[in-house]
>>> print(open('protein-v2.txt').read())   # compact mmCIF, C-alpha atoms and all ligand atoms
# COMPACT_ATOMS: atom_id res chain seq x y z
CA MET A 1 0.80 -25.45 -11.85
CA ARG A 2 0.58 -25.94 -8.11
CA LEU A 3 -0.02 -23.30 -5.42
CA SER A 4 1.09 -23.63 -1.82
CA ALA A 5 1.05 -21.26 1.14
CA ARG A 6 2.94 -20.86 4.41
CA ALA A 7 2.39 -18.38 7.22
CA VAL A 8 5.35 -16.28 8.40
CA LYS A 9 5.41 -14.70 11.85
CA LEU A 10 6.32 -11.01 11.81
CA SER A 11 6.44 -8.19 14.31
CA ALA A 12 6.17 -4.43 13.98
CA SER A 13 9.32 -2.28 14.24
CA TYR A 14 9.62 -0.58 17.64
CA GLY A 15 7.31 -3.37 18.96
CA MET A 16 4.11 -1.60 17.90
CA PHE A 17 2.51 0.14 14.92
CA ARG A 18 -0.48 2.29 15.84
CA ILE A 19 -2.95 4.14 13.57
CA ALA A 20 -6.26 5.87 14.32
CA ARG A 21 -8.27 2.67 13.81
CA GLU A 22 -5.96 -0.10 15.08
CA GLU A 23 -2.74 -1.25 16.82
CA ILE A 24 -0.44 -3.96 15.47
CA THR A 25 2.27 -5.79 17.45
CA THR A 26 2.96 -9.31 16.15
CA PHE A 27 1.07 -10.76 13.20
CA GLU A 28 1.30 -13.28 10.37
CA ASN A 29 1.48 -12.79 6.62
CA VAL A 30 1.32 -15.62 4.10
CA VAL A 31 4.01 -16.47 1.54
CA VAL A 32 2.42 -17.92 -1.60
CA GLU A 33 4.43 -20.17 -3.92
CA LEU A 34 3.40 -21.18 -7.43
CA GLU A 35 5.36 -24.05 -8.99
CA HIS A 36 5.36 -24.78 -12.72
CA GLU A 37 7.74 -27.20 -14.45
CA GLY A 38 10.35 -26.82 -11.71
CA VAL A 39 10.23 -22.99 -11.57
CA VAL A 40 8.76 -21.34 -8.46
CA GLY A 41 7.07 -17.93 -8.39
CA ILE A 42 6.68 -16.24 -5.03
CA GLY A 43 3.96 -13.90 -3.74
CA GLU A 44 2.68 -12.57 -0.42
CA ALA A 45 -0.66 -11.95 1.24
CA SER A 46 -0.98 -9.48 4.11
CA PRO A 47 -4.64 -9.86 5.11
CA SER A 48 -6.43 -7.07 6.97
CA ALA A 49 -9.54 -7.87 8.99
CA TYR A 50 -10.74 -4.33 8.20
CA TYR A 51 -11.35 -5.47 4.62
CA HIS A 52 -13.96 -8.28 4.48
CA GLY A 53 -12.68 -9.77 7.78
CA GLU A 54 -9.88 -11.50 5.85
CA ASN A 55 -7.30 -13.29 8.04
CA VAL A 56 -4.46 -15.81 7.73
CA ASP A 57 -6.78 -18.85 7.88
CA VAL A 58 -8.94 -17.42 5.08
CA VAL A 59 -5.80 -16.80 2.99
CA MET A 60 -4.46 -20.34 3.53
CA GLU A 61 -7.82 -21.90 2.62
CA THR A 62 -8.26 -19.62 -0.39
CA VAL A 63 -4.81 -20.36 -1.82
CA GLU A 64 -5.39 -24.10 -1.47
CA ALA A 65 -8.85 -23.85 -3.06
CA ALA A 66 -7.43 -21.70 -5.87
CA ASN A 67 -5.52 -24.70 -7.25
CA ALA A 68 -8.77 -25.88 -8.85
CA HIS A 69 -9.02 -22.60 -10.83
CA LEU A 70 -5.44 -22.17 -12.10
CA GLY A 71 -5.46 -24.00 -15.42
CA GLU A 72 -2.25 -25.09 -17.14
CA ASP A 73 -0.82 -21.95 -18.78
CA PRO A 74 0.82 -19.38 -16.45
CA PHE A 75 1.06 -16.83 -19.29
CA LEU A 76 -2.74 -16.36 -19.22
CA ILE A 77 -2.31 -13.91 -16.33
CA GLU A 78 -5.33 -11.79 -17.24
CA ASP A 79 -7.70 -14.78 -17.34
CA ILE A 80 -6.31 -16.45 -14.22
CA THR A 81 -6.42 -13.31 -12.08
CA ALA A 82 -9.94 -12.45 -13.30
CA ARG A 83 -11.09 -15.95 -12.33
CA MET A 84 -9.51 -15.62 -8.88
CA ALA A 85 -11.10 -12.22 -8.23
CA GLU A 86 -14.50 -13.55 -9.31
CA THR A 87 -14.25 -16.79 -7.29
CA PHE A 88 -12.80 -15.25 -4.10
CA PRO A 89 -14.21 -11.70 -3.88
CA GLU A 90 -13.88 -11.61 -0.08
CA ALA A 91 -10.19 -12.56 -0.02
CA PRO A 92 -8.33 -9.79 -1.88
CA ALA A 93 -5.01 -10.36 -0.08
CA ALA A 94 -5.06 -14.07 -1.00
CA VAL A 95 -5.90 -13.17 -4.60
CA CYS A 96 -3.05 -10.64 -4.49
CA GLY A 97 -0.63 -13.31 -3.25
CA ILE A 98 -1.57 -15.50 -6.21
CA ASP A 99 -1.33 -12.56 -8.67
CA LEU A 100 2.18 -11.72 -7.39
CA ALA A 101 3.35 -15.34 -7.54
CA LEU A 102 2.05 -15.58 -11.10
CA HIS A 103 3.90 -12.43 -12.21
CA ASP A 104 7.08 -13.63 -10.49
CA LEU A 105 6.77 -17.05 -12.16
CA VAL A 106 6.23 -15.60 -15.64
CA GLY A 107 9.12 -13.15 -15.16
CA LYS A 108 11.35 -16.07 -14.22
CA LEU A 109 10.15 -18.16 -17.18
CA LEU A 110 10.93 -15.23 -19.52
CA ASP A 111 14.09 -14.32 -17.56
CA VAL A 112 13.12 -10.62 -17.32
CA PRO A 113 12.50 -8.36 -14.30
CA LEU A 114 8.86 -7.48 -13.68
CA TYR A 115 9.34 -3.81 -14.62
CA ARG A 116 10.48 -4.91 -18.09
CA MET A 117 7.53 -7.31 -18.41
CA LEU A 118 5.32 -4.30 -17.68
CA GLY A 119 7.22 -2.02 -20.07
CA LEU A 120 8.27 0.42 -17.33
CA ASP A 121 11.42 2.53 -16.89
CA PRO A 122 13.22 1.70 -13.62
CA ASP A 123 14.76 5.20 -13.60
CA LYS A 124 11.27 6.71 -13.15
CA THR A 125 10.50 5.32 -9.69
CA PRO A 126 9.34 7.98 -7.21
CA VAL A 127 10.67 8.67 -3.73
CA THR A 128 8.83 6.74 -1.06
CA SER A 129 7.65 8.11 2.26
CA PHE A 130 8.54 6.67 5.64
CA THR A 131 5.56 6.24 7.97
CA ILE A 132 5.51 7.22 11.62
CA GLY A 133 2.73 5.59 13.65
CA ILE A 134 0.85 7.26 16.49
CA GLU A 135 2.84 7.66 19.71
CA GLU A 136 3.48 10.45 22.21
CA PRO A 137 4.29 13.58 20.16
CA LYS A 138 7.88 13.72 21.41
CA VAL A 139 8.44 10.05 20.49
CA MET A 140 7.10 10.72 16.98
CA ALA A 141 9.33 13.79 16.67
CA GLY A 142 12.34 11.72 17.77
CA ARG A 143 11.62 9.14 15.08
CA ALA A 144 11.20 11.88 12.48
CA ALA A 145 14.55 13.42 13.45
CA ALA A 146 16.25 10.00 13.18
CA VAL A 147 15.07 9.32 9.60
CA LYS A 148 18.08 9.25 7.26
CA ASP A 149 17.35 7.24 4.10
CA PHE A 150 13.93 8.73 3.31
CA LYS A 151 13.09 12.16 1.90
CA VAL A 152 9.35 12.31 2.74
CA LEU A 153 7.44 11.46 5.92
CA LYS A 154 3.93 10.12 6.32
CA ILE A 155 2.51 10.91 9.72
CA LYS A 156 -0.38 8.95 11.19
CA ILE A 157 -2.87 11.28 12.87
CA GLY A 158 -6.62 11.28 13.60
CA THR A 159 -6.09 11.75 17.36
CA ASP A 160 -7.15 14.59 19.65
CA ARG A 161 -3.50 15.76 19.75
CA ASP A 162 -2.85 16.14 16.02
CA GLU A 163 -1.71 19.76 16.22
CA GLU A 164 0.72 18.94 19.02
CA ILE A 165 2.07 15.99 16.98
CA LEU A 166 2.61 18.04 13.81
CA SER A 167 4.13 20.91 15.74
CA ALA A 168 6.67 18.60 17.43
CA ILE A 169 7.55 16.90 14.14
CA ARG A 170 7.88 20.21 12.26
CA ASP A 171 10.31 21.38 14.91
CA ALA A 172 12.35 18.19 14.40
CA THR A 173 12.58 18.01 10.59
CA ASP A 174 12.25 20.00 7.36
CA LEU A 175 11.24 16.94 5.29
CA PRO A 176 7.97 17.14 3.33
CA ILE A 177 5.08 15.67 5.34
CA ARG A 178 1.97 13.75 4.31
CA VAL A 179 -0.68 12.96 6.90
CA ASP A 180 -3.11 10.04 7.21
CA ALA A 181 -6.15 10.35 9.49
CA ASN A 182 -7.29 6.73 8.84
CA ILE A 183 -11.03 7.58 9.06
CA GLY A 184 -10.42 9.40 12.36
CA TRP A 185 -12.67 12.44 11.83
CA THR A 186 -16.22 13.54 11.03
CA LYS A 187 -16.55 15.77 7.96
CA GLU A 188 -16.88 18.89 10.12
CA GLN A 189 -13.82 17.95 12.19
CA ALA A 190 -11.94 17.21 8.96
CA VAL A 191 -12.46 20.74 7.62
CA GLU A 192 -11.53 22.34 10.91
CA ASN A 193 -8.47 20.11 11.49
CA ILE A 194 -7.14 20.25 7.94
CA ASN A 195 -7.33 24.03 7.86
CA ARG A 196 -5.54 24.17 11.19
CA LEU A 197 -2.80 21.74 10.07
CA GLU A 198 -2.14 23.50 6.75
CA ARG A 199 0.50 25.76 8.31
CA PHE A 200 2.77 22.74 8.91
CA ASP A 201 3.50 22.56 5.18
CA ILE A 202 1.69 19.33 4.33
CA GLN A 203 1.59 17.64 0.89
CA PHE A 204 -1.85 16.01 1.23
CA VAL A 205 -4.31 14.49 3.69
CA GLU A 206 -5.23 10.83 3.46
CA GLN A 207 -8.69 9.43 4.29
CA PRO A 208 -10.08 12.06 6.69
CA ILE A 209 -13.45 10.34 7.20
CA PRO A 210 -14.88 6.78 7.08
CA PRO A 211 -15.64 5.34 3.62
CA GLY A 212 -19.18 5.30 2.24
CA ASP A 213 -19.91 9.01 1.82
CA ASN A 214 -18.16 10.36 -1.27
CA GLU A 215 -20.26 13.54 -1.24
CA ALA A 216 -18.84 14.33 2.20
CA LEU A 217 -15.34 14.05 0.70
CA ARG A 218 -16.38 16.53 -2.00
CA TRP A 219 -17.82 18.81 0.72
CA ILE A 220 -14.51 18.68 2.63
CA ARG A 221 -12.43 19.23 -0.51
CA GLU A 222 -14.37 22.39 -1.34
CA ARG A 223 -13.57 23.84 2.10
CA VAL A 224 -9.85 23.11 2.54
CA GLY A 225 -6.60 24.19 0.90
CA LEU A 226 -4.83 20.80 0.96
CA PRO A 227 -5.30 17.95 -1.53
CA ILE A 228 -7.46 15.04 -0.30
CA MET A 229 -6.50 11.42 -0.98
CA THR A 230 -8.61 8.33 -0.28
CA ASP A 231 -7.37 4.95 0.92
CA GLU A 232 -10.13 3.07 2.77
CA SER A 233 -12.64 4.56 0.24
CA SER A 234 -10.70 3.36 -2.82
CA ILE A 235 -10.36 -0.40 -2.43
CA ASN A 236 -10.64 -1.52 -6.04
CA LEU A 237 -11.63 -0.28 -9.50
CA LYS A 238 -15.36 -0.32 -8.85
CA ASP A 239 -14.93 2.27 -6.09
CA LEU A 240 -13.34 4.83 -8.38
CA PRO A 241 -16.19 6.18 -10.56
CA GLY A 242 -17.96 7.44 -7.42
CA LEU A 243 -14.85 9.34 -6.31
CA VAL A 244 -14.38 11.37 -9.49
CA GLY A 245 -14.60 15.05 -8.60
CA CYS A 246 -14.72 14.28 -4.86
CA VAL A 247 -10.97 13.82 -4.18
CA ASP A 248 -7.60 14.79 -5.65
CA ALA A 249 -5.85 11.45 -5.42
CA ILE A 250 -6.21 7.79 -4.47
CA ASN A 251 -4.00 5.37 -2.55
CA VAL A 252 -3.81 2.04 -4.43
CA LYS A 253 -2.71 -0.98 -2.43
CA LEU A 254 -2.12 -4.42 -3.91
CA MET A 255 -3.59 -6.13 -0.83
CA LYS A 256 -6.88 -4.23 -1.04
CA CYS A 257 -7.44 -4.52 -4.77
CA GLY A 258 -6.19 -8.07 -5.40
CA GLY A 259 -2.84 -7.53 -7.08
CA LEU A 260 -0.91 -5.93 -9.90
CA ARG A 261 -3.52 -6.34 -12.67
CA GLU A 262 -6.28 -4.54 -10.77
CA ALA A 263 -3.80 -1.92 -9.53
CA ILE A 264 -2.85 -1.11 -13.14
CA ARG A 265 -6.52 -0.70 -14.06
CA MET A 266 -7.03 1.62 -11.08
CA ILE A 267 -3.99 3.72 -12.01
CA HIS A 268 -5.24 4.20 -15.58
CA PHE A 269 -8.76 5.06 -14.42
CA ALA A 270 -7.49 7.60 -11.89
CA HIS A 271 -5.19 9.30 -14.39
CA ALA A 272 -7.93 9.40 -17.03
CA HIS A 273 -10.09 11.30 -14.53
CA GLY A 274 -7.44 13.74 -13.36
CA MET A 275 -6.65 12.04 -10.07
CA ASP A 276 -3.09 11.40 -8.86
CA VAL A 277 -2.11 7.99 -7.53
CA MET A 278 -0.04 6.83 -4.60
CA LEU A 279 1.03 3.20 -4.33
CA GLY A 280 0.71 2.26 -0.66
CA CYS A 281 1.11 -0.88 1.41
CA MET A 282 0.21 -2.79 4.56
CA LEU A 283 2.85 -4.19 6.92
CA GLU A 284 4.50 -6.37 4.28
CA THR A 285 7.83 -8.08 3.63
CA SER A 286 10.06 -7.20 0.70
CA ILE A 287 8.06 -9.63 -1.49
CA ALA A 288 4.93 -7.48 -1.76
CA ILE A 289 6.76 -4.17 -1.34
CA THR A 290 9.06 -5.02 -4.26
CA ALA A 291 6.07 -6.03 -6.40
CA ALA A 292 4.43 -2.65 -5.82
CA ALA A 293 7.75 -0.89 -6.42
CA HIS A 294 7.94 -2.43 -9.90
CA LEU A 295 4.68 -0.59 -10.71
CA SER A 296 5.80 2.67 -9.16
CA PRO A 297 7.16 4.30 -12.37
CA MET A 298 3.44 4.67 -13.28
CA VAL A 299 2.46 6.81 -10.28
CA GLU A 300 3.02 10.23 -8.70
CA TYR A 301 3.61 9.07 -5.13
CA ALA A 302 4.87 5.99 -3.29
CA ASP A 303 4.36 4.98 0.31
CA LEU A 304 6.17 1.66 0.09
CA ASP A 305 7.88 1.31 3.44
CA GLY A 306 6.05 -1.73 4.87
CA ASN A 307 9.29 -3.73 4.87
CA TYR A 308 10.86 -1.08 7.13
CA LEU A 309 7.84 -1.07 9.45
CA ILE A 310 8.43 -4.75 10.29
CA ALA A 311 11.37 -6.06 12.30
CA ASP A 312 13.66 -8.64 10.63
CA ASP A 313 12.25 -8.78 7.10
CA PRO A 314 12.93 -12.39 5.95
CA PHE A 315 13.23 -11.26 2.30
CA ALA A 316 15.26 -8.77 0.28
CA GLY A 317 14.39 -7.02 -3.00
CA VAL A 318 13.77 -3.31 -3.60
CA THR A 319 16.17 -0.93 -1.86
CA ILE A 320 16.17 2.81 -1.14
CA ASP A 321 18.73 5.31 -2.41
CA ASP A 322 18.38 8.93 -1.34
CA GLY A 323 14.70 8.21 -0.68
CA ARG A 324 14.02 6.77 -4.13
CA LEU A 325 12.94 3.18 -4.83
CA ILE A 326 15.67 1.15 -6.56
CA LEU A 327 14.31 -1.89 -8.37
CA PRO A 328 16.19 -5.21 -8.36
CA ASP A 329 17.36 -6.59 -11.72
CA GLY A 330 16.67 -10.28 -11.09
CA PRO A 331 13.93 -12.06 -13.07
CA GLY A 332 10.32 -11.65 -11.92
CA LEU A 333 10.06 -9.72 -8.66
CA GLY A 334 13.80 -10.10 -8.11
CA VAL A 335 13.22 -11.06 -4.48
CA HIS A 336 15.24 -13.58 -2.50
CA GLU A 337 15.28 -14.94 1.04
CA ARG A 338 17.81 -13.22 3.31
MG MG B 401 -3.87 5.07 4.64
>>> encode(input="protein-v2.txt", output="structure tokens", more="lines below")
Ligand code: MG
Amino acid sequence: MRLSARAVKLSASYGMFRIAREEITTFENVVVELEHEGVVGIGEASPSAYYHGENVDVVMETVEAANAHLGEDPFLIEDITARMAETFPEAPAAVCGIDLALHDLVGKLLDVPLYRMLGLDPDKTPVTSFTIGIEEPKVMAGRAAAVKDFKVLKIKIGTDRDEEILSAIRDATDLPIRVDANIGWTKEQAVENINRLERFDIQFVEQPIPPGDNEALRWIRERVGLPIMTDESSINLKDLPGLVGCVDAINVKLMKCGGLREAIRMIHFAHAHGMDVMLGCMLETSIAITAAAHLSPMVEYADLDGNYLIADDPFAGVTIDDGRLILPDGPGLGVHER
């Protein structure tokens, strides 16, 4: 087996994607290829400096270095991915890229789509939300009104104009709304703001405060009427025991946790402890979005719109029909270059 990596230049739709803790314009993700006996599996890494300072250079170096730890048998997915996670703990997006390429390769070798490899029913995929980044309230409302293919919105908040934003969007659309504060508040602000936003008919609130204080999440949850979901606080499996009883749900992202294997473990843990799961994403092409979509029959919520948040996705795979994720039938991820 031989791994290789290439960076792809991407840019955010509308020229800019803004959340409470950062702004993204142009950026690079890494396409990971894993070749074995003439068959090529494909994966993607979308590194985020917020997590361990990981960037494109780290991903490229990690993928190259990972060749020494692959072994000869691609079917030993559990062993290979465990070795990668242990060897490269600070590069979860790179490890994810390798995990995805491995699953794609094995799916192609077996000639089955990933959802069948995983034993999942493609008719049970959830609807996915469409995310609207932070802009002037009337711009956000305009984008909400223009949404056609999606049946749920995720609104980025955590600003000092959150009420104005939600009010403008509620006037523009009747679609269900989820909000994400991206660590934008203190715990006291969170309680006050969430209780004030409840009247806009909101499904749940994502990551109200910075990670590191699970008791503060419990404190918030006891004082508000909306479900609380973590994202930045729930990176991988080892973060979950501390969140039991503190939140209602967790956002699992392949790029944070290191790929499909760890995501599956997180989903089972969360469900065993009464927490719902959303599969989320970074700004990703259809490679990584499709990989997460294959897992989506296991979860309550999906926020897999990263391929719509970038301009000119170079790849095609999962599609949307009436808001629901439609999985491709090709072997492995079922992704191809446009
Ligand atoms: Mg989030």
>>> closest_residue(input="protein-v2.txt", among="A:Thr319, A:Pro92, A:Leu283, A:Val247", to="Ile24 in chain A", atoms="only C-alpha atoms")
A:Leu283
>>> residues_near_ligand(input="protein-v2.txt", ligand="ligand MG 401 (chain B)", cutoff="7 Å", atoms="all atoms listed in the file", output="ChimeraX atom specification")
/A:180,182,206-207,231-232
>>> closest_residue(input="protein-v2.txt", among="A:Asp171, A:Asn236, A:Thr186, A:Val30", to="Asn55 in chain A", atoms="all atoms listed in the file")
A:Val30
>>> residues_near_point(input="protein-v2.txt", point="(-7.0, 16.4, -16.2)", cutoff="12 Å", atoms="all atoms listed in the file", output="list in words")
Val244, Gly245, Asp248, Ala249, Phe269, Ala270, His271, Ala272, His273, Gly274, Met275 and Asp276 of chain A
>>> residues_around(input="protein-v2.txt", residues="Thr62 in chain A", least_positions_apart="2", cutoff="8 Å", atoms="all atoms listed in the file", output="ChimeraX atom specification")
/A:58-60,64-66,88,91,94
>>> closest_residue(input="protein-v2.txt", among="A:Gly225, A:Pro74, A:Gly212, A:Pro126", to="Leu327 in chain A", atoms="all atoms listed in the file")
A:Pro126
